[in-house]
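Trainee: Quick one: this structure, given as structure tokens, is what I'll be asking you about.
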Amino acid sequence: QLQLVESGGGSVQTGDSRRLSCEAAANAYSKHCMAWFRQAPGKEREGVATLNRDGGTKYMDSVKGRFTISQDNDKNTLYLQMNNLQPEDTAVYYCAARECPFYGAAPSLLTVRYKIWGQGTQVTVSS
């Protein structure tokens with residue numbers, strides 16, 4: 001079972017930037033599509049950004065232009081660069097993976113498609 005370990009969360013001010021990291025086993029990204037989700041208190045978990053094996057990405061509307069998902073295959077690490085953070089971005093952020101046997105699979109932010117999850121990292125944005 002693939003294990004995912006997030007890091008990089010913390011408390012920031014409105015307008016600040018933060019980069020989250022997700023470390024996985026070697027070669028994980030050659031077999032899986034990766035994504036970042038978040039869950040705010042009292043709300044359902046929602047998909048933030050996803051990165052496919054072919055480099056395709058998809059973002060939730062509220063983070064487009066502010067967040068960027070990327071990966072470093074040499075370091076087996078997935079990143080989420082978050083710029084211009086707002087209080088509504090406050091949440092626990094999770095790294096997730098789903099098996100992607102087909103190279104050209106369409107990107108997906110549906111929670112039910114992801115079976116492998118990290119433990120989460122808290123991001124708190126204060127005004």
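Chain identifiers are assigned as A, B, and so on, following the order in which chains appear in the structure tokens; residues are numbered from 1 within each chain, and ligands are numbered from 1 in order of appearance.
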Compile a residue-level contact table for segment 38-122 of chain A against segment 13-30 of chain A at a cut-off of 7 Å, reporting for every qualifying residue the shortest atom pair and its distance in Å to one decimal, with only C-alpha atoms counted, rows ordered by chain and ascending number, as JSON lines.
Mentor:
{"residue": "A:Arg53", "atom": "CA", "partner": "A:Ser30", "partner_atom": "CA", "distance": 6.5}
{"residue": "A:Asn76", "atom": "CA", "partner": "A:Ala24", "partner_atom": "CA", "distance": 5.6}
{"residue": "A:Thr77", "atom": "CA", "partner": "A:Glu23", "partner_atom": "CA", "distance": 4.5}
{"residue": "A:Leu78", "atom": "CA", "partner": "A:Cys22", "partner_atom": "CA", "distance": 4.9}
{"residue": "A:Tyr79", "atom": "CA", "partner": "A:Ser21", "partner_atom": "CA", "distance": 4.6}
{"residue": "A:Leu80", "atom": "CA", "partner": "A:Leu20", "partner_atom": "CA", "distance": 5.0}
{"residue": "A:Gln81", "atom": "CA", "partner": "A:Arg19", "partner_atom": "CA", "distance": 4.4}
{"residue": "A:Met82", "atom": "CA", "partner": "A:Arg18", "partner_atom": "CA", "distance": 5.2}
{"residue": "A:Asn83", "atom": "CA", "partner": "A:Ser17", "partner_atom": "CA", "distance": 4.3}
{"residue": "A:Asn84", "atom": "CA", "partner": "A:Gly15", "partner_atom": "CA", "distance": 4.0}
{"residue": "A:Leu85", "atom": "CA", "partner": "A:Gly15", "partner_atom": "CA", "distance": 4.9}
{"residue": "A:Gln86", "atom": "CA", "partner": "A:Thr14", "partner_atom": "CA", "distance": 5.1}
{"residue": "A:Pro87", "atom": "CA", "partner": "A:Thr14", "partner_atom": "CA", "distance": 6.5}
{"residue": "A:Cys95", "atom": "CA", "partner": "A:Cys22", "partner_atom": "CA", "distance": 6.3}
Trainee: Those selected residues, please, written with N, CA and C atoms and delivered as a PDB file, in the first residue's frame.
Mentor:
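Saved the output as out.pdb:
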ATOM      1  N   ARG A  53      -0.722  11.583 -14.748  1.00  0.00           N
ATOM      2  CA  ARG A  53       0.549  11.014 -15.185  1.00  0.00           C
ATOM      3  C   ARG A  53       1.090  11.734 -16.406  1.00  0.00           C
ATOM      4  N   ASN A  76      10.424  12.148  -5.433  1.00  0.00           N
ATOM      5  CA  ASN A  76       9.159  11.447  -5.123  1.00  0.00           C
ATOM      6  C   ASN A  76       8.245  12.316  -4.280  1.00  0.00           C
ATOM      7  N   THR A  77       8.152  13.579  -4.637  1.00  0.00           N
ATOM      8  CA  THR A  77       7.409  14.542  -3.842  1.00  0.00           C
ATOM      9  C   THR A  77       6.432  15.333  -4.693  1.00  0.00           C
ATOM     10  N   LEU A  78       5.211  15.452  -4.180  1.00  0.00           N
ATOM     11  CA  LEU A  78       4.169  16.269  -4.788  1.00  0.00           C
ATOM     12  C   LEU A  78       4.083  17.573  -4.011  1.00  0.00           C
ATOM     13  N   TYR A  79       3.854  18.675  -4.723  1.00  0.00           N
ATOM     14  CA  TYR A  79       3.786  19.976  -4.069  1.00  0.00           C
ATOM     15  C   TYR A  79       2.454  20.673  -4.358  1.00  0.00           C
ATOM     16  N   LEU A  80       2.089  21.558  -3.454  1.00  0.00           N
ATOM     17  CA  LEU A  80       0.995  22.490  -3.698  1.00  0.00           C
ATOM     18  C   LEU A  80       1.487  23.865  -3.280  1.00  0.00           C
ATOM     19  N   GLN A  81       1.799  24.690  -4.263  1.00  0.00           N
ATOM     20  CA  GLN A  81       2.204  26.068  -3.992  1.00  0.00           C
ATOM     21  C   GLN A  81       0.948  26.908  -3.872  1.00  0.00           C
ATOM     22  N   MET A  82       0.784  27.545  -2.731  1.00  0.00           N
ATOM     23  CA  MET A  82      -0.414  28.339  -2.462  1.00  0.00           C
ATOM     24  C   MET A  82      -0.007  29.793  -2.287  1.00  0.00           C
ATOM     25  N   ASN A  83      -0.496  30.649  -3.160  1.00  0.00           N
ATOM     26  CA  ASN A  83      -0.195  32.074  -3.097  1.00  0.00           C
ATOM     27  C   ASN A  83      -1.454  32.863  -2.770  1.00  0.00           C
ATOM     28  N   ASN A  84      -1.254  34.075  -2.255  1.00  0.00           N
ATOM     29  CA  ASN A  84      -2.371  34.960  -1.924  1.00  0.00           C
ATOM     30  C   ASN A  84      -3.438  34.220  -1.103  1.00  0.00           C
ATOM     31  N   LEU A  85      -3.007  33.604  -0.033  1.00  0.00           N
ATOM     32  CA  LEU A  85      -3.920  32.824   0.793  1.00  0.00           C
ATOM     33  C   LEU A  85      -4.981  33.703   1.447  1.00  0.00           C
ATOM     34  N   GLN A  86      -6.173  33.160   1.542  1.00  0.00           N
ATOM     35  CA  GLN A  86      -7.320  33.865   2.110  1.00  0.00           C
ATOM     36  C   GLN A  86      -7.874  33.058   3.293  1.00  0.00           C
ATOM     37  N   PRO A  87      -8.596  33.718   4.199  1.00  0.00           N
ATOM     38  CA  PRO A  87      -9.154  32.993   5.349  1.00  0.00           C
ATOM     39  C   PRO A  87     -10.001  31.784   4.950  1.00  0.00           C
ATOM     40  N   CYS A  95      -3.100  14.973   0.937  1.00  0.00           N
ATOM     41  CA  CYS A  95      -2.559  14.438  -0.304  1.00  0.00           C
ATOM     42  C   CYS A  95      -3.270  13.112  -0.568  1.00  0.00           C
TER      43      CYS A  95
END
Trainee: Among chain A, which residues does DSSP mark as strand (DSSP E) when it is run on the backbone? Keep the chain and numbering as in the structure and answer as a compact mmCIF listing (two decimals) with C-alpha atoms, in the first residue's frame.
Mentor:
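Done, and the output landed in part-v7.txt:
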# COMPACT_ATOMS: atom_id res chain seq x y z
CA VAL A 5 3.22 11.93 4.14
CA GLU A 6 2.27 15.62 4.00
CA SER A 7 4.18 18.52 5.48
CA GLY A 10 1.04 26.17 9.49
CA SER A 11 -0.45 29.54 10.38
CA VAL A 12 -0.15 32.41 7.92
CA GLN A 13 -1.61 35.86 7.30
CA ARG A 18 2.81 28.53 1.59
CA ARG A 19 4.05 25.35 -0.06
CA LEU A 20 2.78 21.95 0.96
CA SER A 21 4.74 18.78 0.26
CA CYS A 22 3.68 15.16 -0.05
CA GLU A 23 6.30 12.44 -0.02
CA HIS A 32 -0.84 6.93 -9.80
CA CYS A 33 -2.67 10.17 -10.39
CA MET A 34 -2.15 12.54 -7.47
CA ALA A 35 -4.28 15.24 -5.91
CA TRP A 36 -4.67 17.66 -3.04
CA PHE A 37 -7.93 17.85 -1.11
CA ARG A 38 -8.97 19.98 1.83
CA GLN A 39 -11.57 19.85 4.54
CA GLU A 46 -13.27 18.91 -1.51
CA GLY A 47 -10.80 18.50 -4.33
CA VAL A 48 -8.32 21.35 -4.69
CA ALA A 49 -5.97 20.29 -7.48
CA THR A 50 -4.95 17.17 -9.32
CA LEU A 51 -1.99 16.17 -11.47
CA THR A 57 -3.96 19.37 -14.17
CA LYS A 58 -7.33 20.45 -12.84
CA TYR A 59 -8.12 23.00 -10.15
CA PHE A 67 -2.48 27.55 -6.35
CA THR A 68 -0.14 25.39 -8.42
CA ILE A 69 0.28 21.62 -8.21
CA SER A 70 3.57 20.08 -9.29
CA GLN A 71 5.80 17.12 -8.63
CA ASP A 72 9.50 16.31 -8.43
CA THR A 77 7.41 14.54 -3.84
CA LEU A 78 4.17 16.27 -4.79
CA TYR A 79 3.79 19.98 -4.07
CA LEU A 80 1.00 22.49 -3.70
CA GLN A 81 2.20 26.07 -3.99
CA MET A 82 -0.41 28.34 -2.46
CA ALA A 91 -8.56 23.73 6.24
CA VAL A 92 -6.78 20.45 6.73
CA TYR A 93 -5.06 19.66 3.45
CA TYR A 94 -4.71 16.05 2.33
CA CYS A 95 -2.56 14.44 -0.30
CA ALA A 96 -4.31 11.61 -2.16
CA ALA A 97 -3.56 9.07 -4.86
CA ARG A 98 -5.56 6.85 -7.19
CA GLU A 99 -4.36 4.16 -9.52
CA ILE A 116 -4.97 6.35 -0.71
CA TRP A 117 -4.73 9.28 1.69
CA THR A 121 -1.66 19.00 7.40
CA GLN A 122 -3.43 22.04 8.87
CA VAL A 123 -3.31 25.40 7.12
CA THR A 124 -4.76 28.36 9.01
CA VAL A 125 -5.08 31.77 7.37
CA SER A 126 -5.87 34.70 9.61
Trainee: Can you tell me how far atom CA of Ser62 of chain A sits from atom CA of Gly104 of chain A, in Å to one decimal?
Mentor: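 Atom CA of Ser62 of chain A sits 25.6 Å away from atom CA of Gly104 of chain A.
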Trainee: Go ahead and compute the interatomic distance for atom CA of Pro101 of chain A and atom CA of Lys75 of chain A, in Å to one decimal.
Mentor: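 Between atom CA of Pro101 of chain A and atom CA of Lys75 of chain A the gap is 21.8 Å.
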Trainee: From the set A:Gln1, A:Asp54, A:Gly65, A:Asn73, which residue has the shortest atom-to-atom contact distance to Cys100 of chain A, counting only C-alpha atoms?
Mentor: A:Asp54
Trainee: Record the distance separating atom CA of Asp74 of chain A and atom CA of Arg113 of chain A, expressed in Å with one decimal.
Mentor: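 Spanning atom CA of Asp74 of chain A to atom CA of Arg113 of chain A is a straight-line distance of 26.1 Å.
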